[in-house]
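> So that you have it, the file is query_21.cif, and it contains mmCIF, C-alpha atoms, pLDDT in the B column; chains and numbers go by the auth columns:
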data_protein
#
loop_
_atom_site.group_PDB
_atom_site.id
_atom_site.type_symbol
_atom_site.label_atom_id
_atom_site.label_comp_id
_atom_site.label_asym_id
_atom_site.label_seq_id
_atom_site.Cartn_x
_atom_site.Cartn_y
_atom_site.Cartn_z
_atom_site.B_iso_or_equiv
_atom_site.auth_seq_id
_atom_site.auth_asym_id
ATOM 1 C CA ASP A 1 -18.222 7.086 21.643 65.00 934 A
ATOM 2 C CA GLY A 2 -16.252 7.940 18.502 74.00 935 A
ATOM 3 C CA GLY A 3 -14.936 5.132 16.399 93.00 936 A
ATOM 4 C CA ILE A 4 -15.035 3.076 13.229 96.00 937 A
ATOM 5 C CA THR A 5 -17.811 0.601 12.547 96.00 938 A
ATOM 6 C CA GLN A 6 -17.393 -2.187 10.021 97.00 939 A
ATOM 7 C CA SER A 7 -20.221 -4.421 8.888 96.00 940 A
ATOM 8 C CA PRO A 8 -20.954 -7.183 8.529 96.00 941 A
ATOM 9 C CA LYS A 9 -18.584 -9.036 10.830 95.00 942 A
ATOM 10 C CA TYR A 10 -18.757 -12.158 8.645 95.00 943 A
ATOM 11 C CA LEU A 11 -19.551 -12.295 4.942 94.00 944 A
ATOM 12 C CA PHE A 12 -19.814 -15.192 2.538 92.00 945 A
ATOM 13 C CA ARG A 13 -19.424 -14.784 -1.196 89.00 946 A
ATOM 14 C CA LYS A 14 -20.247 -17.157 -3.982 89.00 947 A
ATOM 15 C CA GLU A 15 -17.997 -17.480 -6.984 85.00 948 A
ATOM 16 C CA GLY A 16 -18.579 -14.666 -9.488 86.00 949 A
ATOM 17 C CA GLN A 17 -20.458 -12.483 -7.024 91.00 950 A
ATOM 18 C CA ASN A 18 -19.675 -8.903 -6.021 94.00 951 A
ATOM 19 C CA VAL A 19 -19.954 -8.025 -2.333 95.00 952 A
ATOM 20 C CA THR A 20 -19.672 -4.721 -0.499 97.00 953 A
ATOM 21 C CA LEU A 21 -18.099 -4.184 2.904 97.00 954 A
ATOM 22 C CA SER A 22 -19.254 -1.206 4.926 98.00 955 A
ATOM 23 C CA CYS A 23 -17.023 1.184 6.886 98.00 956 A
ATOM 24 C CA GLU A 24 -18.413 4.162 8.799 98.00 957 A
ATOM 25 C CA GLN A 25 -16.547 6.560 11.087 97.00 958 A
ATOM 26 C CA ASN A 26 -17.782 9.322 13.390 96.00 959 A
ATOM 27 C CA LEU A 27 -14.346 10.696 14.220 95.00 960 A
ATOM 28 C CA ASN A 28 -14.585 13.516 11.667 94.00 961 A
ATOM 29 C CA HIS A 29 -11.433 12.152 10.014 94.00 962 A
ATOM 30 C CA ASP A 30 -10.524 13.183 6.491 93.00 963 A
ATOM 31 C CA ALA A 31 -8.493 10.118 5.504 92.00 964 A
ATOM 32 C CA MET A 32 -9.748 6.541 5.348 94.00 965 A
ATOM 33 C CA TYR A 33 -8.059 3.291 4.365 94.00 966 A
ATOM 34 C CA TRP A 34 -8.803 -0.332 3.526 97.00 967 A
ATOM 35 C CA TYR A 35 -6.355 -3.095 4.406 96.00 968 A
ATOM 36 C CA ARG A 36 -6.367 -6.813 3.809 97.00 969 A
ATOM 37 C CA GLN A 37 -4.888 -9.230 6.349 96.00 970 A
ATOM 38 C CA ASP A 38 -3.849 -12.785 5.482 94.00 971 A
ATOM 39 C CA PRO A 39 -2.297 -15.332 7.875 86.00 972 A
ATOM 40 C CA GLY A 40 1.468 -14.861 8.214 80.00 973 A
ATOM 41 C CA GLN A 41 1.454 -11.588 6.292 83.00 974 A
ATOM 42 C CA GLY A 42 1.387 -7.986 7.375 84.00 975 A
ATOM 43 C CA LEU A 43 -1.578 -5.785 6.553 93.00 976 A
ATOM 44 C CA ARG A 44 -1.584 -4.738 2.907 94.00 977 A
ATOM 45 C CA LEU A 45 -3.111 -1.511 1.645 94.00 978 A
ATOM 46 C CA ILE A 46 -5.943 -1.896 -0.884 96.00 979 A
ATOM 47 C CA TYR A 47 -7.260 1.649 -1.323 96.00 980 A
ATOM 48 C CA TYR A 48 -7.111 4.929 0.522 93.00 981 A
ATOM 49 C CA SER A 49 -8.998 8.208 0.449 93.00 982 A
ATOM 50 C CA GLN A 50 -7.433 11.492 1.497 90.00 983 A
ATOM 51 C CA ILE A 51 -10.678 13.436 1.399 91.00 984 A
ATOM 52 C CA VAL A 52 -14.291 13.197 0.233 94.00 985 A
ATOM 53 C CA ASN A 53 -14.727 12.393 -3.479 94.00 986 A
ATOM 54 C CA ASP A 54 -11.103 11.313 -3.782 93.00 987 A
ATOM 55 C CA PHE A 55 -9.499 7.891 -3.562 94.00 988 A
ATOM 56 C CA GLN A 56 -6.257 6.257 -4.687 92.00 989 A
ATOM 57 C CA LYS A 57 -5.078 2.708 -5.318 94.00 990 A
ATOM 58 C CA GLY A 58 -2.885 1.075 -2.741 93.00 991 A
ATOM 59 C CA ASP A 59 -0.545 -1.868 -3.221 92.00 992 A
ATOM 60 C CA ILE A 60 -3.149 -4.532 -4.055 96.00 993 A
ATOM 61 C CA ALA A 61 -6.112 -2.710 -5.640 97.00 994 A
ATOM 62 C CA GLU A 62 -6.820 -5.182 -8.442 96.00 995 A
ATOM 63 C CA GLY A 63 -10.270 -6.729 -8.091 96.00 996 A
ATOM 64 C CA TYR A 64 -11.483 -4.104 -5.632 97.00 997 A
ATOM 65 C CA SER A 65 -13.349 -0.804 -5.944 97.00 998 A
ATOM 66 C CA VAL A 66 -14.283 1.962 -3.506 98.00 999 A
ATOM 67 C CA SER A 67 -16.267 5.185 -3.285 97.00 1000 A
ATOM 68 C CA ARG A 68 -16.108 8.172 -0.948 98.00 1001 A
ATOM 69 C CA GLU A 69 -19.303 10.154 -1.399 97.00 1002 A
ATOM 70 C CA LYS A 70 -19.528 11.114 2.264 97.00 1003 A
ATOM 71 C CA LYS A 71 -16.821 11.943 4.769 97.00 1004 A
ATOM 72 C CA GLU A 72 -18.129 9.308 7.177 97.00 1005 A
ATOM 73 C CA SER A 73 -18.332 6.407 4.753 98.00 1006 A
ATOM 74 C CA PHE A 74 -15.804 4.447 2.686 98.00 1007 A
ATOM 75 C CA PRO A 75 -17.366 1.215 1.348 98.00 1008 A
ATOM 76 C CA LEU A 76 -15.217 -1.448 -0.319 98.00 1009 A
ATOM 77 C CA THR A 77 -16.578 -3.661 -3.095 97.00 1010 A
ATOM 78 C CA VAL A 78 -14.872 -6.977 -3.723 96.00 1011 A
ATOM 79 C CA THR A 79 -15.581 -7.801 -7.339 95.00 1012 A
ATOM 80 C CA SER A 80 -15.600 -11.122 -9.159 90.00 1013 A
ATOM 81 C CA ALA A 81 -12.237 -10.099 -10.644 89.00 1014 A
ATOM 82 C CA GLN A 82 -10.581 -10.635 -7.250 90.00 1015 A
ATOM 83 C CA LYS A 83 -9.398 -14.233 -7.553 88.00 1016 A
ATOM 84 C CA ASN A 84 -8.533 -14.877 -3.934 91.00 1017 A
ATOM 85 C CA PRO A 85 -10.850 -12.734 -1.808 93.00 1018 A
ATOM 86 C CA THR A 86 -10.949 -14.878 1.323 95.00 1019 A
ATOM 87 C CA ALA A 87 -9.280 -12.710 3.981 96.00 1020 A
ATOM 88 C CA PHE A 88 -9.825 -10.434 6.953 96.00 1021 A
ATOM 89 C CA TYR A 89 -10.549 -6.845 5.867 97.00 1022 A
ATOM 90 C CA LEU A 90 -9.781 -3.870 8.074 97.00 1023 A
ATOM 91 C CA CYS A 91 -10.856 -0.261 7.662 97.00 1024 A
ATOM 92 C CA ALA A 92 -8.883 2.574 9.248 94.00 1025 A
ATOM 93 C CA SER A 93 -8.885 6.354 9.460 93.00 1026 A
ATOM 94 C CA THR A 94 -6.569 9.214 10.358 91.00 1027 A
ATOM 95 C CA GLN A 95 -7.435 12.820 10.998 89.00 1028 A
ATOM 96 C CA ARG A 96 -5.711 13.972 7.816 83.00 1029 A
ATOM 97 C CA TRP A 97 -3.803 12.287 5.039 77.00 1030 A
ATOM 98 C CA ASP A 98 -0.633 14.108 6.000 73.00 1031 A
ATOM 99 C CA SER A 99 -1.298 13.629 9.690 69.00 1032 A
ATOM 100 C CA ASN A 100 1.305 12.231 12.033 71.00 1033 A
ATOM 101 C CA GLY A 101 -1.419 11.247 14.447 79.00 1034 A
ATOM 102 C CA LEU A 102 -2.989 7.988 15.453 86.00 1035 A
ATOM 103 C CA ALA A 103 -4.496 5.544 13.000 89.00 1036 A
ATOM 104 C CA PHE A 104 -7.793 4.089 14.252 93.00 1037 A
ATOM 105 C CA PHE A 105 -9.110 0.726 13.108 95.00 1038 A
ATOM 106 C CA GLY A 106 -12.483 -0.970 12.909 96.00 1039 A
ATOM 107 C CA GLN A 107 -13.181 -4.498 14.151 95.00 1040 A
ATOM 108 C CA GLY A 108 -12.858 -6.056 10.727 96.00 1041 A
ATOM 109 C CA THR A 109 -14.927 -8.113 8.306 97.00 1042 A
ATOM 110 C CA ARG A 110 -14.025 -11.720 7.583 96.00 1043 A
ATOM 111 C CA LEU A 111 -14.876 -12.589 3.992 95.00 1044 A
ATOM 112 C CA THR A 112 -15.075 -16.213 2.895 94.00 1045 A
ATOM 113 C CA VAL A 113 -15.677 -17.564 -0.592 89.00 1046 A
ATOM 114 C CA VAL A 114 -18.059 -20.531 -0.614 86.00 1047 A
ATOM 115 C CA LYS B 1 12.175 -0.954 -0.240 77.00 1414 B
ATOM 116 C CA GLN B 2 10.472 0.246 2.913 83.00 1415 B
ATOM 117 C CA GLU B 3 9.847 -2.802 5.085 90.00 1416 B
ATOM 118 C CA VAL B 4 9.011 -3.602 8.688 94.00 1417 B
ATOM 119 C CA THR B 5 10.150 -6.784 10.425 95.00 1418 B
ATOM 120 C CA GLN B 6 9.100 -8.201 13.775 96.00 1419 B
ATOM 121 C CA ILE B 7 11.034 -10.899 15.599 92.00 1420 B
ATOM 122 C CA PRO B 8 10.158 -13.300 17.095 92.00 1421 B
ATOM 123 C CA ALA B 9 6.986 -14.362 15.318 94.00 1422 B
ATOM 124 C CA ALA B 10 5.736 -16.022 18.494 96.00 1423 B
ATOM 125 C CA LEU B 11 6.659 -15.836 22.155 95.00 1424 B
ATOM 126 C CA SER B 12 5.457 -17.709 25.226 97.00 1425 B
ATOM 127 C CA VAL B 13 6.316 -16.493 28.727 96.00 1426 B
ATOM 128 C CA PRO B 14 5.195 -17.233 32.287 97.00 1427 B
ATOM 129 C CA GLU B 15 2.993 -14.723 34.060 97.00 1428 B
ATOM 130 C CA GLY B 16 4.859 -11.924 35.800 97.00 1429 B
ATOM 131 C CA GLU B 17 7.825 -11.865 33.446 97.00 1430 B
ATOM 132 C CA ASN B 18 9.029 -8.635 31.882 97.00 1431 B
ATOM 133 C CA LEU B 19 9.401 -8.960 28.124 95.00 1432 B
ATOM 134 C CA VAL B 20 10.568 -7.084 25.034 96.00 1433 B
ATOM 135 C CA LEU B 21 9.101 -7.221 21.546 97.00 1434 B
ATOM 136 C CA ASN B 22 11.250 -6.051 18.666 97.00 1435 B
ATOM 137 C CA CYS B 23 10.484 -4.128 15.483 97.00 1436 B
ATOM 138 C CA SER B 24 12.980 -3.119 12.821 97.00 1437 B
ATOM 139 C CA PHE B 25 12.493 -0.940 9.755 96.00 1438 B
ATOM 140 C CA THR B 26 14.609 -0.293 6.701 93.00 1439 B
ATOM 141 C CA ASP B 27 14.316 3.462 6.117 86.00 1440 B
ATOM 142 C CA SER B 28 14.834 6.245 8.641 86.00 1441 B
ATOM 143 C CA ALA B 29 12.585 8.670 6.739 88.00 1442 B
ATOM 144 C CA ILE B 30 9.557 8.177 8.948 90.00 1443 B
ATOM 145 C CA TYR B 31 6.824 10.322 10.487 89.00 1444 B
ATOM 146 C CA ASN B 32 6.095 8.012 13.384 93.00 1445 B
ATOM 147 C CA LEU B 33 5.824 4.435 14.604 95.00 1446 B
ATOM 148 C CA GLN B 34 2.722 2.935 16.182 96.00 1447 B
ATOM 149 C CA TRP B 35 2.297 -0.240 18.225 97.00 1448 B
ATOM 150 C CA PHE B 36 -1.014 -2.089 18.042 96.00 1449 B
ATOM 151 C CA ARG B 37 -2.585 -5.035 19.790 97.00 1450 B
ATOM 152 C CA GLN B 38 -4.807 -7.489 17.918 96.00 1451 B
ATOM 153 C CA ASP B 39 -6.924 -10.137 19.634 95.00 1452 B
ATOM 154 C CA PRO B 40 -7.997 -13.175 17.554 91.00 1453 B
ATOM 155 C CA GLY B 41 -10.619 -12.252 14.974 89.00 1454 B
ATOM 156 C CA LYS B 42 -10.657 -8.620 16.076 92.00 1455 B
ATOM 157 C CA GLY B 43 -9.480 -5.264 14.787 93.00 1456 B
ATOM 158 C CA LEU B 44 -6.391 -3.382 15.880 94.00 1457 B
ATOM 159 C CA THR B 45 -6.223 -1.439 19.126 94.00 1458 B
ATOM 160 C CA SER B 46 -3.647 1.338 19.295 94.00 1459 B
ATOM 161 C CA LEU B 47 -1.233 1.040 22.216 96.00 1460 B
ATOM 162 C CA LEU B 48 1.428 3.690 21.714 96.00 1461 B
ATOM 163 C CA LEU B 49 2.447 6.219 19.070 94.00 1462 B
ATOM 164 C CA ILE B 50 6.019 7.541 18.915 95.00 1463 B
ATOM 165 C CA GLN B 51 6.761 10.527 16.703 93.00 1464 B
ATOM 166 C CA SER B 52 10.039 10.486 14.768 93.00 1465 B
ATOM 167 C CA SER B 53 11.448 13.203 17.058 93.00 1466 B
ATOM 168 C CA GLN B 54 10.726 11.204 20.226 95.00 1467 B
ATOM 169 C CA ARG B 55 12.754 8.465 21.899 96.00 1468 B
ATOM 170 C CA GLU B 56 10.066 6.746 23.951 96.00 1469 B
ATOM 171 C CA GLN B 57 6.464 6.689 25.078 96.00 1470 B
ATOM 172 C CA THR B 58 4.904 5.105 28.137 97.00 1471 B
ATOM 173 C CA SER B 59 1.400 3.957 28.968 96.00 1472 B
ATOM 174 C CA GLY B 60 0.859 1.980 32.147 97.00 1473 B
ATOM 175 C CA ARG B 61 2.927 -1.216 31.984 97.00 1474 B
ATOM 176 C CA LEU B 62 3.929 -0.523 28.392 98.00 1475 B
ATOM 177 C CA ASN B 63 6.983 1.382 27.236 98.00 1476 B
ATOM 178 C CA ALA B 64 7.954 1.829 23.600 97.00 1477 B
ATOM 179 C CA SER B 65 11.303 3.135 22.440 97.00 1478 B
ATOM 180 C CA LEU B 66 12.435 4.382 19.057 97.00 1479 B
ATOM 181 C CA ASP B 67 15.956 4.539 17.627 96.00 1480 B
ATOM 182 C CA LYS B 68 15.448 6.020 14.192 93.00 1481 B
ATOM 183 C CA SER B 69 19.097 5.951 13.206 92.00 1482 B
ATOM 184 C CA SER B 70 19.369 2.193 13.712 95.00 1483 B
ATOM 185 C CA GLY B 71 15.846 1.491 12.462 96.00 1484 B
ATOM 186 C CA ARG B 72 14.630 -0.161 15.647 97.00 1485 B
ATOM 187 C CA SER B 73 11.775 0.037 18.091 97.00 1486 B
ATOM 188 C CA THR B 74 11.062 -2.065 21.147 97.00 1487 B
ATOM 189 C CA LEU B 75 7.878 -2.576 23.104 97.00 1488 B
ATOM 190 C CA TYR B 76 8.557 -3.382 26.741 97.00 1489 B
ATOM 191 C CA ILE B 77 5.779 -5.037 28.741 97.00 1490 B
ATOM 192 C CA ALA B 78 6.296 -5.099 32.500 98.00 1491 B
ATOM 193 C CA ALA B 79 4.887 -7.759 34.801 97.00 1492 B
ATOM 194 C CA SER B 80 3.073 -9.619 32.035 97.00 1493 B
ATOM 195 C CA GLN B 81 -0.433 -10.995 32.633 97.00 1494 B
ATOM 196 C CA PRO B 82 -2.521 -13.636 30.836 97.00 1495 B
ATOM 197 C CA GLY B 83 -4.703 -10.790 29.551 97.00 1496 B
ATOM 198 C CA ASP B 84 -1.713 -9.490 27.604 97.00 1497 B
ATOM 199 C CA SER B 85 -1.922 -12.537 25.324 98.00 1498 B
ATOM 200 C CA ALA B 86 -2.505 -11.223 21.805 97.00 1499 B
ATOM 201 C CA THR B 87 -0.674 -10.412 18.591 97.00 1500 B
ATOM 202 C CA TYR B 88 1.358 -7.206 18.736 98.00 1501 B
ATOM 203 C CA LEU B 89 1.840 -5.307 15.491 97.00 1502 B
ATOM 204 C CA CYS B 90 4.332 -2.579 14.710 96.00 1503 B
ATOM 205 C CA ALA B 91 3.481 -0.049 11.978 95.00 1504 B
ATOM 206 C CA VAL B 92 5.781 2.601 10.537 94.00 1505 B
ATOM 207 C CA ARG B 93 4.461 5.691 8.785 92.00 1506 B
ATOM 208 C CA TYR B 94 7.035 6.172 6.064 89.00 1507 B
ATOM 209 C CA ILE B 95 7.580 9.444 4.240 85.00 1508 B
ATOM 210 C CA LEU B 96 7.245 8.911 0.498 80.00 1509 B
ATOM 211 C CA THR B 97 9.454 10.682 -2.042 78.00 1510 B
ATOM 212 C CA GLY B 98 7.251 13.000 -4.033 72.00 1511 B
ATOM 213 C CA GLY B 99 4.976 13.647 -1.091 72.00 1512 B
ATOM 214 C CA GLY B 100 2.527 11.672 0.973 76.00 1513 B
ATOM 215 C CA ASN B 101 3.089 8.879 3.430 81.00 1514 B
ATOM 216 C CA LYS B 102 2.363 5.210 3.877 84.00 1515 B
ATOM 217 C CA LEU B 103 1.648 3.093 6.937 89.00 1516 B
ATOM 218 C CA THR B 104 3.602 -0.169 6.614 92.00 1517 B
ATOM 219 C CA PHE B 105 2.981 -3.062 8.984 94.00 1518 B
ATOM 220 C CA GLY B 106 5.136 -5.840 10.335 95.00 1519 B
ATOM 221 C CA THR B 107 3.745 -9.382 10.480 93.00 1520 B
ATOM 222 C CA GLY B 108 3.390 -9.234 14.249 95.00 1521 B
ATOM 223 C CA THR B 109 4.553 -11.125 17.323 97.00 1522 B
ATOM 224 C CA GLN B 110 2.035 -13.549 18.797 96.00 1523 B
ATOM 225 C CA LEU B 111 2.399 -13.400 22.575 97.00 1524 B
ATOM 226 C CA LYS B 112 1.099 -15.977 25.024 97.00 1525 B
ATOM 227 C CA VAL B 113 1.371 -15.344 28.748 97.00 1526 B
ATOM 228 C CA GLU B 114 0.852 -18.525 30.727 96.00 1527 B
ATOM 229 C CA LEU B 115 -0.384 -18.953 34.275 91.00 1528 B
#
For this file, produce the structure as structure tokens.


Amino acid sequence: DGGITQSPKYLFRKEGQNVTLSCEQNLNHDAMYWYRQDPGQGLRLIYYSQIVNDFQKGDIAEGYSVSREKKESFPLTVTSAQKNPTAFYLCASTQRWDSNGLAFFGQGTRLTVV
Amino acid sequence: KQEVTQIPAALSVPEGENLVLNCSFTDSAIYNLQWFRQDPGKGLTSLLLIQSSQREQTSGRLNASLDKSSGRSTLYIAASQPGDSATYLCAVRYILTGGGNKLTFGTGTQLKVEL
């Protein structure tokens, strides 16, 4: 079955530590996205990638970094510069950046600072 | 500013009732609007996608309408069931000046269908 796989499902980070969230898709989609979800707020865009080897900052990119070395993969690193990283992180993809088609989402990673 | 608003934030109904969830958006320059379902601690499941040129879409007991000129969409759920209990999110794919697009989400309506 085609879809988006996020791992791990739960992740714990110590203060000052960098952690990386994995996102893999087998939908052959060009565009991939990372969102952050906090209670009582809508999803907010962190980074997006229109195509391999390209990525752009979203609305809340500070303290995060990404890479897009392969079409299937779009990992997100939460750095120590992100002061409030505890949240639910969702990865998504669309067939093309300029597509008017469906956005598909993974099952999310819940990150907690301990 | 391109925003999406969903009212009410929470809704509780008895099983079998027909119900309407509302979504409003501030800018009519959109590609499409998508309704999602989110169960607690889970990702988003796509329910319906309405292109800007369409007025409605139907899937089973779900019907979504779009009125671009007034900036409104509704999700109609017929004969609600306890399994429909979830948070329903509306997302608008806005057209950006200068090219590109952006998917903007509402904060969702948390639905509980009681036996």

> Do you know which residues are at most 12 Å from B:Pro1427 counting all atoms listed in the file, after dropping those on the same chain fewer than 3 positions away, and could you put them as an MDAnalysis selection string?

chainID B and resid 1424 1430:1432 1492:1495 1497:1498 1524:1528

> Provide an axis-aligned box for all listed atoms of stretch 969-980 of chain A, padding each side by 5 Å; report its centre and its edge lengths in Å to one decimal, as JSON.


{"center_x": -2.9, "center_y": -6.8, "center_z": 3.4, "size_x": 18.7, "size_y": 27.0, "size_z": 19.5}

> Give the answer as one residue: which of B:Tyr1489, B:Tyr1444, B:Tyr1507, B:Tyr1501 has the shortest atom-to-atom distance to chain A, using only C-alpha atoms?

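So, comparing all the options, the nearest one is B:Tyr1444.
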
> Go through A:Ala1036, A:Ala964, A:Ile993, A:Ala1020 one by one, measure the shortest atom-to-atom distance of each to chain B using only C-alpha atoms, and give the residue with the smallest value.

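With only C-alpha atoms as the atom set, the closest residue is A:Ala1036.
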
> Just to confirm, what's the straight-line distance from atom CA of A:Ser940 to atom CA of B:Gln1523 in Å (one decimal)?

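Answer for the atom CA of A:Ser940 to atom CA of B:Gln1523 separation: 26.0 Å.
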
> Using all atoms listed in the file and a distance of at most 9 Å, pull out the residues of chain A that contact chain B, as a list in words.

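Selected residues: Pro972, Gly973, Gln974, Gly975, Leu976, Arg977, Leu978, Phe1021, Leu1023, Cys1024, Trp1030, Asp1031, Ser1032, Asn1033, Gly1034, Leu1035, Ala1036, Phe1037, Phe1038, Gly1039, Gln1040, Gly1041, Thr1042 and Arg1043 of chain A.
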
> Pick from B:Asn1476, B:Gln1419, B:Ser1441, B:Asn1435: nearest to B:Leu1509, with only C-alpha atoms counted?

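Selected residue with least distance to B:Leu1509: B:Ser1441.
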
> B:Asp1440: which residues within 8 Å, counting all atoms listed in the file, same-chain residues fewer than 5 positions away excluded, as JSON, numbers by chain?

{"B": [1415, 1416, 1484, 1507]}

> Mind pulling up the distance from atom CA of A:Leu1009 to atom CA of A:Ser955?

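So the answer is 6.6 Å.
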
> In the coordinate frame of the file, compute which residues have an atom within 7 Å of (-21.2, -4.8, -0.9) when using only C-alpha atoms, and state them as a list in words.

Asn951, Val952, Thr953, Leu954, Leu1009 and Thr1010 of chain A

> What is the atom CA of B:Thr1510-atom CA of B:Ala1442 distance in Å, reported with one decimal?

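Between atom CA of B:Thr1510 and atom CA of B:Ala1442 the gap works out to 9.5 Å.
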
> Mind listing as a count of residues only all residues within 10 Å of (-18.2, 15.9, 4.9), counting all atoms listed in the file?

12
